[in-house]
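*Asks:* mmCIF, C-alpha atoms, saved as target-v1.cif, coming up:
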data_upload
loop_
_atom_site.group_PDB
_atom_site.id
_atom_site.type_symbol
_atom_site.label_atom_id
_atom_site.label_comp_id
_atom_site.auth_asym_id
_atom_site.auth_seq_id
_atom_site.Cartn_x
_atom_site.Cartn_y
_atom_site.Cartn_z
ATOM 1 C CA MET A 26 0.000 0.000 0.000
ATOM 2 C CA ASN A 27 1.408 3.362 -0.988
ATOM 3 C CA LEU A 28 0.036 6.812 -1.748
ATOM 4 C CA GLU A 29 1.613 7.040 -5.195
ATOM 5 C CA GLU A 30 -0.465 4.109 -6.462
ATOM 6 C CA TYR A 31 -3.623 5.560 -4.940
ATOM 7 C CA PHE A 32 -3.000 9.023 -6.395
ATOM 8 C CA LYS A 33 -2.441 7.501 -9.834
ATOM 9 C CA ARG A 34 -5.704 5.557 -9.466
ATOM 10 C CA ILE A 35 -7.691 8.749 -8.801
ATOM 11 C CA GLY A 36 -5.708 10.954 -11.206
ATOM 12 C CA PHE A 37 -4.434 13.319 -8.532
ATOM 13 C CA TYR A 38 -1.074 14.887 -9.338
ATOM 14 C CA GLY A 39 -1.157 18.025 -7.199
ATOM 15 C CA PRO A 40 1.046 18.803 -4.206
ATOM 16 C CA PHE A 41 0.130 17.061 -0.975
ATOM 17 C CA SER A 42 2.854 18.111 1.413
ATOM 18 C CA LYS A 43 0.462 20.224 3.481
ATOM 19 C CA PRO A 44 -2.633 18.635 5.095
ATOM 20 C CA ASP A 45 -4.919 21.609 4.462
ATOM 21 C CA LEU A 46 -8.550 22.003 3.358
ATOM 22 C CA GLU A 47 -7.725 22.734 -0.286
ATOM 23 C CA THR A 48 -5.806 19.471 -0.632
ATOM 24 C CA LEU A 49 -8.536 17.520 1.170
ATOM 25 C CA ASN A 50 -11.163 18.982 -1.173
ATOM 26 C CA GLN A 51 -9.163 17.993 -4.242
ATOM 27 C CA VAL A 52 -8.422 14.436 -3.150
ATOM 28 C CA HIS A 53 -12.024 13.918 -2.007
ATOM 29 C CA LYS A 54 -13.408 15.023 -5.374
ATOM 30 C CA HIS A 55 -10.867 13.034 -7.372
ATOM 31 C CA HIS A 56 -11.841 9.919 -5.417
ATOM 32 C CA VAL A 57 -15.581 10.165 -6.098
ATOM 33 C CA MET A 58 -14.919 10.954 -9.774
ATOM 34 C CA SER A 59 -12.647 7.939 -10.220
ATOM 35 C CA ILE A 60 -13.759 5.171 -7.868
ATOM 36 C CA PRO A 61 -17.334 3.876 -8.073
ATOM 37 C CA PHE A 62 -19.655 3.210 -5.198
ATOM 38 C CA GLU A 63 -20.592 -0.398 -5.934
ATOM 39 C CA ASN A 64 -21.668 -3.655 -4.319
ATOM 40 C CA LEU A 65 -21.015 -5.903 -7.305
ATOM 41 C CA SER A 66 -18.886 -8.350 -5.315
ATOM 42 C CA ILE A 67 -22.041 -9.607 -3.606
ATOM 43 C CA HIS A 68 -23.448 -10.555 -7.000
ATOM 44 C CA CYS A 69 -20.178 -11.994 -8.318
ATOM 45 C CA GLY A 70 -19.785 -14.595 -5.596
ATOM 46 C CA GLU A 71 -17.095 -12.565 -3.824
ATOM 47 C CA LYS A 72 -16.880 -11.713 -0.116
ATOM 48 C CA ILE A 73 -16.482 -8.078 0.900
ATOM 49 C CA THR A 74 -13.917 -7.690 3.677
ATOM 50 C CA MET A 75 -12.564 -4.890 5.839
ATOM 51 C CA ASP A 76 -8.947 -5.954 5.378
ATOM 52 C CA HIS A 77 -6.881 -2.910 4.355
ATOM 53 C CA GLU A 78 -4.568 -4.830 2.023
ATOM 54 C CA LEU A 79 -7.406 -6.623 0.257
ATOM 55 C CA ILE A 80 -9.338 -3.379 -0.142
ATOM 56 C CA PHE A 81 -6.280 -1.602 -1.552
ATOM 57 C CA ASN A 82 -5.634 -4.423 -4.015
ATOM 58 C CA LYS A 83 -9.281 -4.462 -5.085
ATOM 59 C CA ILE A 84 -9.876 -0.733 -5.479
ATOM 60 C CA VAL A 85 -6.453 0.610 -6.428
ATOM 61 C CA ARG A 86 -4.728 -2.269 -8.224
ATOM 62 C CA SER A 87 -7.756 -4.012 -9.739
ATOM 63 C CA ASN A 88 -9.678 -0.874 -10.750
ATOM 64 C CA ARG A 89 -12.767 -1.771 -8.800
ATOM 65 C CA GLY A 90 -15.001 0.301 -6.584
ATOM 66 C CA GLY A 91 -16.584 -0.596 -3.280
ATOM 67 C CA TRP A 92 -19.133 0.382 -0.681
ATOM 68 C CA CYS A 93 -18.559 2.599 2.368
ATOM 69 C CA CYS A 94 -16.761 0.020 4.496
ATOM 70 C CA GLU A 95 -14.210 -0.263 1.694
ATOM 71 C CA ASN A 96 -13.999 3.209 0.165
ATOM 72 C CA ASN A 97 -14.162 5.224 3.367
ATOM 73 C CA LEU A 98 -11.887 2.813 5.219
ATOM 74 C CA LEU A 99 -9.348 3.209 2.406
ATOM 75 C CA PHE A 100 -9.848 6.976 2.478
ATOM 76 C CA ALA A 101 -9.145 7.065 6.230
ATOM 77 C CA TRP A 102 -5.817 5.315 5.568
ATOM 78 C CA VAL A 103 -5.051 7.805 2.781
ATOM 79 C CA LEU A 104 -5.781 10.764 5.056
ATOM 80 C CA LYS A 105 -3.522 9.412 7.792
ATOM 81 C CA GLU A 106 -0.709 8.863 5.294
ATOM 82 C CA MET A 107 -1.146 12.462 4.121
ATOM 83 C CA GLY A 108 -0.788 13.854 7.625
ATOM 84 C CA TYR A 109 -4.450 14.350 8.571
ATOM 85 C CA ASN A 110 -5.927 12.883 11.730
ATOM 86 C CA PRO A 111 -9.247 11.331 10.662
ATOM 87 C CA VAL A 112 -11.728 9.903 13.135
ATOM 88 C CA THR A 113 -14.060 7.179 11.896
ATOM 89 C CA LEU A 114 -17.754 7.582 12.756
ATOM 90 C CA GLY A 115 -20.761 5.342 12.300
ATOM 91 C CA SER A 116 -24.011 6.550 10.768
ATOM 92 C CA ARG A 117 -27.500 5.159 10.358
ATOM 93 C CA VAL A 118 -28.999 5.558 6.900
ATOM 94 C CA TYR A 119 -32.417 7.207 6.774
ATOM 95 C CA ASN A 120 -35.234 5.177 5.229
ATOM 96 C CA ASN A 121 -37.461 7.712 3.481
ATOM 97 C CA THR A 122 -40.119 5.063 2.846
ATOM 98 C CA ILE A 123 -40.851 4.512 6.529
ATOM 99 C CA ASN A 124 -39.391 7.854 7.686
ATOM 100 C CA GLN A 125 -36.912 6.585 10.233
ATOM 101 C CA PHE A 126 -33.226 5.841 10.634
ATOM 102 C CA GLY A 127 -31.921 2.322 10.272
ATOM 103 C CA PRO A 128 -31.374 0.329 13.469
ATOM 104 C CA THR A 129 -27.580 0.008 13.155
ATOM 105 C CA ASP A 130 -24.542 1.994 12.067
ATOM 106 C CA SER A 131 -24.450 0.678 8.512
ATOM 107 C CA HIS A 132 -22.555 3.583 6.953
ATOM 108 C CA LEU A 133 -18.940 4.447 7.749
ATOM 109 C CA ILE A 134 -17.783 8.079 7.437
ATOM 110 C CA ASN A 135 -14.765 10.109 8.562
ATOM 111 C CA LYS A 136 -14.376 13.332 10.534
ATOM 112 C CA VAL A 137 -11.344 15.506 9.853
ATOM 113 C CA VAL A 138 -10.288 18.557 11.863
ATOM 114 C CA ILE A 139 -8.258 21.245 10.062
ATOM 115 C CA ASP A 140 -7.125 24.392 11.864
ATOM 116 C CA GLY A 141 -9.731 23.836 14.559
ATOM 117 C CA THR A 142 -12.660 23.322 12.155
ATOM 118 C CA ALA A 143 -14.244 19.879 11.778
ATOM 119 C CA TYR A 144 -15.387 18.428 8.446
ATOM 120 C CA ILE A 145 -17.249 15.288 7.412
ATOM 121 C CA ALA A 146 -15.554 13.360 4.602
ATOM 122 C CA ASP A 147 -17.601 10.705 2.812
ATOM 123 C CA VAL A 148 -16.464 9.320 -0.541
ATOM 124 C CA SER A 149 -18.893 6.408 -0.711
ATOM 125 C CA PHE A 150 -22.620 7.044 -0.610
ATOM 126 C CA GLY A 151 -23.132 7.253 -4.351
ATOM 127 C CA VAL A 152 -25.781 8.540 -6.770
ATOM 128 C CA SER A 153 -27.353 11.957 -6.083
ATOM 129 C CA SER A 154 -26.614 11.852 -2.337
ATOM 130 C CA GLN A 155 -22.863 11.795 -2.852
ATOM 131 C CA ILE A 156 -21.018 14.850 -1.558
ATOM 132 C CA TRP A 157 -18.191 16.012 -3.821
ATOM 133 C CA HIS A 158 -16.323 17.890 -1.102
ATOM 134 C CA PRO A 159 -16.197 17.463 2.686
ATOM 135 C CA LEU A 160 -18.892 19.272 4.650
ATOM 136 C CA GLU A 161 -18.144 21.661 7.485
ATOM 137 C CA LEU A 162 -19.505 20.220 10.717
ATOM 138 C CA VAL A 163 -21.761 23.114 11.630
ATOM 139 C CA SER A 164 -25.494 22.941 12.251
ATOM 140 C CA GLY A 165 -28.006 24.504 9.879
ATOM 141 C CA LYS A 166 -25.542 25.911 7.343
ATOM 142 C CA ASP A 167 -26.481 25.518 3.663
ATOM 143 C CA GLN A 168 -23.484 24.049 1.830
ATOM 144 C CA PRO A 169 -24.162 24.149 -1.928
ATOM 145 C CA GLN A 170 -22.417 21.648 -4.178
ATOM 146 C CA SER A 171 -23.144 20.486 -7.719
ATOM 147 C CA PRO A 172 -25.553 17.711 -6.571
ATOM 148 C CA GLY A 173 -27.620 20.177 -4.525
ATOM 149 C CA VAL A 174 -27.606 21.974 -1.190
ATOM 150 C CA PHE A 175 -26.372 19.860 1.705
ATOM 151 C CA ARG A 176 -26.764 20.749 5.354
ATOM 152 C CA LEU A 177 -25.995 19.155 8.684
ATOM 153 C CA ILE A 178 -28.568 19.530 11.453
ATOM 154 C CA GLN A 179 -27.666 18.948 15.102
ATOM 155 C CA ASP A 180 -30.253 17.750 17.620
ATOM 156 C CA GLY A 181 -28.521 16.922 20.879
ATOM 157 C CA ASP A 182 -25.900 14.263 20.163
ATOM 158 C CA LEU A 183 -27.437 13.388 16.791
ATOM 159 C CA TRP A 184 -26.259 15.004 13.579
ATOM 160 C CA THR A 185 -28.394 14.538 10.466
ATOM 161 C CA LEU A 186 -27.235 15.027 6.894
ATOM 162 C CA GLU A 187 -29.933 16.253 4.540
ATOM 163 C CA LYS A 188 -30.010 17.503 0.988
ATOM 164 C CA THR A 189 -32.272 19.779 -1.038
ATOM 165 C CA GLY A 190 -32.111 18.858 -4.700
ATOM 166 C CA ARG A 191 -33.765 19.807 -7.955
ATOM 167 C CA LYS A 192 -36.748 18.381 -9.818
ATOM 168 C CA PRO A 193 -36.007 15.374 -12.031
ATOM 169 C CA LEU A 194 -36.566 15.671 -15.785
ATOM 170 C CA VAL A 195 -36.823 12.102 -17.084
ATOM 171 C CA LEU A 196 -36.191 11.942 -20.835
ATOM 172 C CA ASN A 197 -37.492 8.427 -21.397
ATOM 173 C CA GLU A 198 -41.217 8.431 -20.586
ATOM 174 C CA ALA A 199 -41.068 4.723 -19.754
ATOM 175 C CA PHE A 200 -39.148 5.663 -16.599
ATOM 176 C CA THR A 201 -41.228 8.664 -15.505
ATOM 177 C CA ASN A 202 -42.771 6.688 -12.660
ATOM 178 C CA SER A 203 -39.785 4.464 -11.988
ATOM 179 C CA PRO A 204 -39.247 3.779 -8.261
ATOM 180 C CA LEU A 205 -35.600 4.697 -8.868
ATOM 181 C CA VAL A 206 -36.517 8.341 -9.546
ATOM 182 C CA ASP A 207 -36.298 10.496 -6.436
ATOM 183 C CA LYS A 208 -38.952 13.215 -6.471
ATOM 184 C CA SER A 209 -38.436 14.478 -2.916
ATOM 185 C CA PRO A 210 -37.205 18.092 -2.906
ATOM 186 C CA THR A 211 -35.539 17.678 0.495
ATOM 187 C CA LYS A 212 -34.549 14.389 2.070
ATOM 188 C CA LYS A 213 -32.623 13.095 5.040
ATOM 189 C CA ILE A 214 -29.650 10.904 4.111
ATOM 190 C CA TYR A 215 -28.167 9.612 7.354
ATOM 191 C CA GLY A 216 -27.663 10.439 11.023
ATOM 192 C CA PHE A 217 -24.575 10.061 13.185
ATOM 193 C CA THR A 218 -22.990 10.932 16.504
ATOM 194 C CA LEU A 219 -19.410 12.001 17.090
ATOM 195 C CA VAL A 220 -18.485 8.839 18.993
ATOM 196 C CA PRO A 221 -15.279 7.436 17.421
ATOM 197 C CA ARG A 222 -15.620 3.937 15.987
ATOM 198 C CA GLY A 223 -13.035 1.294 15.109
ATOM 199 C CA PHE A 224 -13.437 -0.772 11.961
ATOM 200 C CA ASP A 225 -14.523 -3.735 14.094
ATOM 201 C CA HIS A 226 -17.690 -1.776 14.935
ATOM 202 C CA PHE A 227 -18.870 -2.449 11.367
ATOM 203 C CA LEU A 228 -17.871 -6.097 10.917
ATOM 204 C CA GLU A 229 -21.176 -7.702 11.907
ATOM 205 C CA THR A 230 -23.234 -5.169 9.958
ATOM 206 C CA SER A 231 -21.025 -5.584 6.888
ATOM 207 C CA HIS A 232 -21.591 -9.342 7.031
ATOM 208 C CA CYS A 233 -25.359 -8.933 7.427
ATOM 209 C CA LEU A 234 -25.673 -6.421 4.588
ATOM 210 C CA GLN A 235 -24.088 -8.852 2.130
ATOM 211 C CA THR A 236 -25.886 -11.994 3.345
ATOM 212 C CA ASP A 237 -29.316 -11.001 4.687
ATOM 213 C CA PRO A 238 -31.988 -11.718 2.024
ATOM 214 C CA ASN A 239 -33.831 -8.582 3.168
ATOM 215 C CA SER A 240 -30.807 -6.313 2.745
ATOM 216 C CA LEU A 241 -30.908 -3.628 0.080
ATOM 217 C CA PHE A 242 -27.538 -4.812 -1.160
ATOM 218 C CA THR A 243 -28.578 -8.435 -1.724
ATOM 219 C CA ASN A 244 -31.662 -7.231 -3.604
ATOM 220 C CA LYS A 245 -29.967 -4.764 -5.935
ATOM 221 C CA SER A 246 -26.697 -4.752 -7.839
ATOM 222 C CA ILE A 247 -25.466 -1.159 -7.724
ATOM 223 C CA CYS A 248 -22.682 0.725 -9.454
ATOM 224 C CA SER A 249 -22.492 4.531 -9.308
ATOM 225 C CA LEU A 250 -19.810 6.969 -10.389
ATOM 226 C CA GLN A 251 -19.765 10.756 -10.184
ATOM 227 C CA THR A 252 -18.936 12.654 -13.375
ATOM 228 C CA ALA A 253 -17.958 16.241 -14.156
ATOM 229 C CA THR A 254 -21.620 17.022 -14.929
ATOM 230 C CA GLY A 255 -23.530 14.643 -12.647
ATOM 231 C CA PHE A 256 -23.307 10.892 -12.180
ATOM 232 C CA ARG A 257 -23.856 7.515 -13.805
ATOM 233 C CA ALA A 258 -25.576 4.551 -12.235
ATOM 234 C CA LEU A 259 -26.272 0.949 -13.162
ATOM 235 C CA ILE A 260 -28.955 -0.545 -10.928
ATOM 236 C CA GLY A 261 -29.634 -4.097 -12.034
ATOM 237 C CA TRP A 262 -30.123 -3.645 -15.785
ATOM 238 C CA THR A 263 -31.159 0.035 -15.615
ATOM 239 C CA PHE A 264 -28.442 2.445 -16.739
ATOM 240 C CA SER A 265 -28.850 6.143 -15.920
ATOM 241 C CA GLU A 266 -26.826 9.154 -17.012
ATOM 242 C CA VAL A 267 -27.769 12.098 -14.807
ATOM 243 C CA THR A 268 -26.844 15.687 -15.631
ATOM 244 C CA TYR A 269 -27.095 18.301 -12.913
ATOM 245 C CA ASN A 270 -28.681 21.538 -14.129
ATOM 246 C CA ASN A 271 -28.362 24.288 -11.551
ATOM 247 C CA GLN A 272 -29.479 27.109 -13.850
ATOM 248 C CA ASP A 273 -32.843 25.674 -14.850
ATOM 249 C CA GLY A 274 -33.649 24.065 -11.528
ATOM 250 C CA PHE A 275 -33.875 20.436 -12.632
ATOM 251 C CA ASP A 276 -31.673 17.422 -13.203
ATOM 252 C CA VAL A 277 -31.826 15.552 -16.512
ATOM 253 C CA LEU A 278 -32.189 11.779 -16.148
ATOM 254 C CA ASP A 279 -31.442 9.718 -19.270
ATOM 255 C CA MET A 280 -32.498 6.181 -18.319
ATOM 256 C CA LYS A 281 -32.643 2.934 -20.239
ATOM 257 C CA ASP A 282 -32.595 -0.805 -19.673
ATOM 258 C CA ILE A 283 -29.697 -2.789 -21.084
ATOM 259 C CA SER A 284 -29.391 -6.479 -21.912
ATOM 260 C CA ASP A 285 -27.380 -9.082 -20.034
ATOM 261 C CA ASP A 286 -24.952 -9.127 -22.942
ATOM 262 C CA ASP A 287 -24.266 -5.397 -22.545
ATOM 263 C CA VAL A 288 -23.670 -5.338 -18.789
ATOM 264 C CA ASP A 289 -19.922 -6.016 -18.899
ATOM 265 C CA LYS A 290 -19.479 -3.519 -21.735
ATOM 266 C CA VAL A 291 -21.327 -0.764 -19.871
ATOM 267 C CA LEU A 292 -19.352 -1.427 -16.683
ATOM 268 C CA LYS A 293 -16.080 -1.172 -18.576
ATOM 269 C CA GLU A 294 -16.900 1.832 -20.754
ATOM 270 C CA MET A 295 -19.002 3.891 -18.322
ATOM 271 C CA PHE A 296 -17.412 2.994 -14.965
ATOM 272 C CA ASN A 297 -13.963 1.668 -15.904
ATOM 273 C CA VAL A 298 -14.818 -1.548 -14.045
ATOM 274 C CA LEU A 299 -13.633 -4.928 -15.330
ATOM 275 C CA LEU A 300 -14.936 -7.813 -13.244
ATOM 276 C CA ALA A 301 -12.940 -10.981 -12.650
ATOM 277 C CA ASN A 302 -16.069 -13.044 -11.944
ATOM 278 C CA LYS A 303 -19.440 -13.227 -13.651
ATOM 279 C CA LEU A 304 -21.974 -10.656 -12.435
ATOM 280 C CA VAL A 305 -25.573 -11.713 -11.915
ATOM 281 C CA PRO A 306 -27.529 -8.411 -12.043
ATOM 282 C CA ILE A 307 -30.500 -8.019 -9.735
ATOM 283 C CA ASN A 308 -33.062 -5.286 -9.182
ATOM 284 C CA ASN A 309 -35.684 -6.553 -6.771
ATOM 285 C CA LYS A 310 -38.130 -4.219 -5.086
ATOM 286 C CA ALA A 311 -36.460 -2.240 -2.304
ATOM 287 C CA GLY A 312 -36.544 1.345 -1.077
ATOM 288 C CA TYR A 313 -33.768 2.842 -3.193
ATOM 289 C CA THR A 314 -33.650 5.891 -5.422
ATOM 290 C CA ILE A 315 -30.909 7.480 -7.454
#
Could I get this file's structure written as structure tokens?
*Replies:*
Amino acid sequence: MNLEEYFKRIGFYGPFSKPDLETLNQVHKHHVMSIPFENLSIHCGEKITMDHELIFNKIVRSNRGGWCCENNLLFAWVLKEMGYNPVTLGSRVYNNTINQFGPTDSHLINKVVIDGTAYIADVSFGVSSQIWHPLELVSGKDQPQSPGVFRLIQDGDLWTLEKTGRKPLVLNEAFTNSPLVDKSPTKKIYGFTLVPRGFDHFLETSHCLQTDPNSLFTNKSICSLQTATGFRALIGWTFSEVTYNNQDGFDVLDMKDISDDDVDKVLKEMFNVLLANKLVPINNKAGYTI
């Protein structure tokens, strides 16, 4: 494991001798633009681990992506190597269907303090809820980014991340009422406390998420990558190219279904992902929107 390989993987060639906010912003954005949020291992017969070496080999050397317990764990190592002092936190993802947080800390994030100011770094939530830059840990402050306006809300020990987005403009009428299309103007994403967590805090949840038949991740194969203008996503057989449009107040969703024969081609050309094992796409009913 070394930083040079990681920087090459994300296309970052800037100076990194000083652990400041500007450098953190750049590395954070390069990561989400280069490394997909994906759970394809579950549907390729592979086990997802929290072993640093295996994660590095998978994401950096094998040009794969990963979910939060891989991407954000790797990012914590990167930050430490760069001279930052990240603290890993656990968060509970908000279920907008039943309007409540999940029962366990299923999402791993990192807190970074720079010159006395704390920030939340998260390079692995994916789709339209993905932050491009770290968020200042301050309650109630609107923090506009290309995906929309993010804000953190504090209520006692609980911090909640929410986002106000734009209206979706779906080009293909066949997908106008797709359950993948998020029509909520403002939504909660996840909640967390500032209690530091070790990686072992997530081991049982990571196992359950990839084995429980009721888990979102066993019911949907997901691959998402941020782009300069929005993001791409492949959910089961549904490929979406989303373009953020700040000026006109809507996001353009170009959605289509692809065939089994085209899955590997789309993964390679649109996400730069080449799988070693055969993917079995799946898109069962579950509360998930892009």
*Asks:* For A:Ala143, which of A:Pro172, A:Pro221, A:Pro111, A:Pro306 is the closest residue, counting all atoms listed in the file?
*Replies:*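 When distances to A:Ala143 are compared using all atoms listed in the file, the smallest one comes from A:Pro111.
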*Asks:* When distances are computed from all atoms listed in the file, which of A:Arg257, A:His132, A:His232, A:Lys43 shows the smallest separation from A:Ile67?
*Replies:*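 Under the stated criterion, the closest residue is A:His232.
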*Asks:* Closest to A:Gly91 among A:Ser246, A:Thr185, A:Ser203, A:Ser209, using only C-alpha atoms?
*Replies:*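 Of A:Ser246, A:Thr185, A:Ser203, A:Ser209, the one nearest A:Gly91 is A:Ser246, counting only C-alpha atoms.
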*Asks:* Taking into account all atoms listed in the file, which residue in the set A:Thr236, A:Thr268, A:Lys310, A:Lys281 is nearest to A:Lys72?
*Replies:*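 Looking at the shortest contact to A:Lys72, the residue is A:Thr236.
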*Asks:* Given the file shown, determine the residues that the PyMOL selection byres ((chain A and resi 125) around 12) selects; report them as a PyMOL selection string.
*Replies:* chain A and resi 117-124+126-129+185+212-216
*Asks:* Smallest atom-to-atom distance to A:Phe62: which of A:Gln235, A:Thr254, A:Asn270, A:Asn97, using only C-alpha atoms?
*Replies:*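 So, comparing all the options, the nearest one is A:Asn97.
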*Asks:* Name every residue that the PyMOL selection byres ((chain A and resi 220) around 10) selects in this structure, writing the answer as a list in words with chains first and numbers rising.
*Replies:*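 That selection, the PyMOL selection byres ((chain A and resi 220) around 10), comes back as Val112, Thr113, Leu114, Gly115, Asp182, Phe217, Thr218, Leu219, Pro221 and Arg222 of chain A.
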*Asks:* With only C-alpha atoms as the atoms that count, which of A:Lys136, A:Asn82, A:Ala253, A:Glu198 lies nearest to A:His55?
*Replies:* A:Ala253
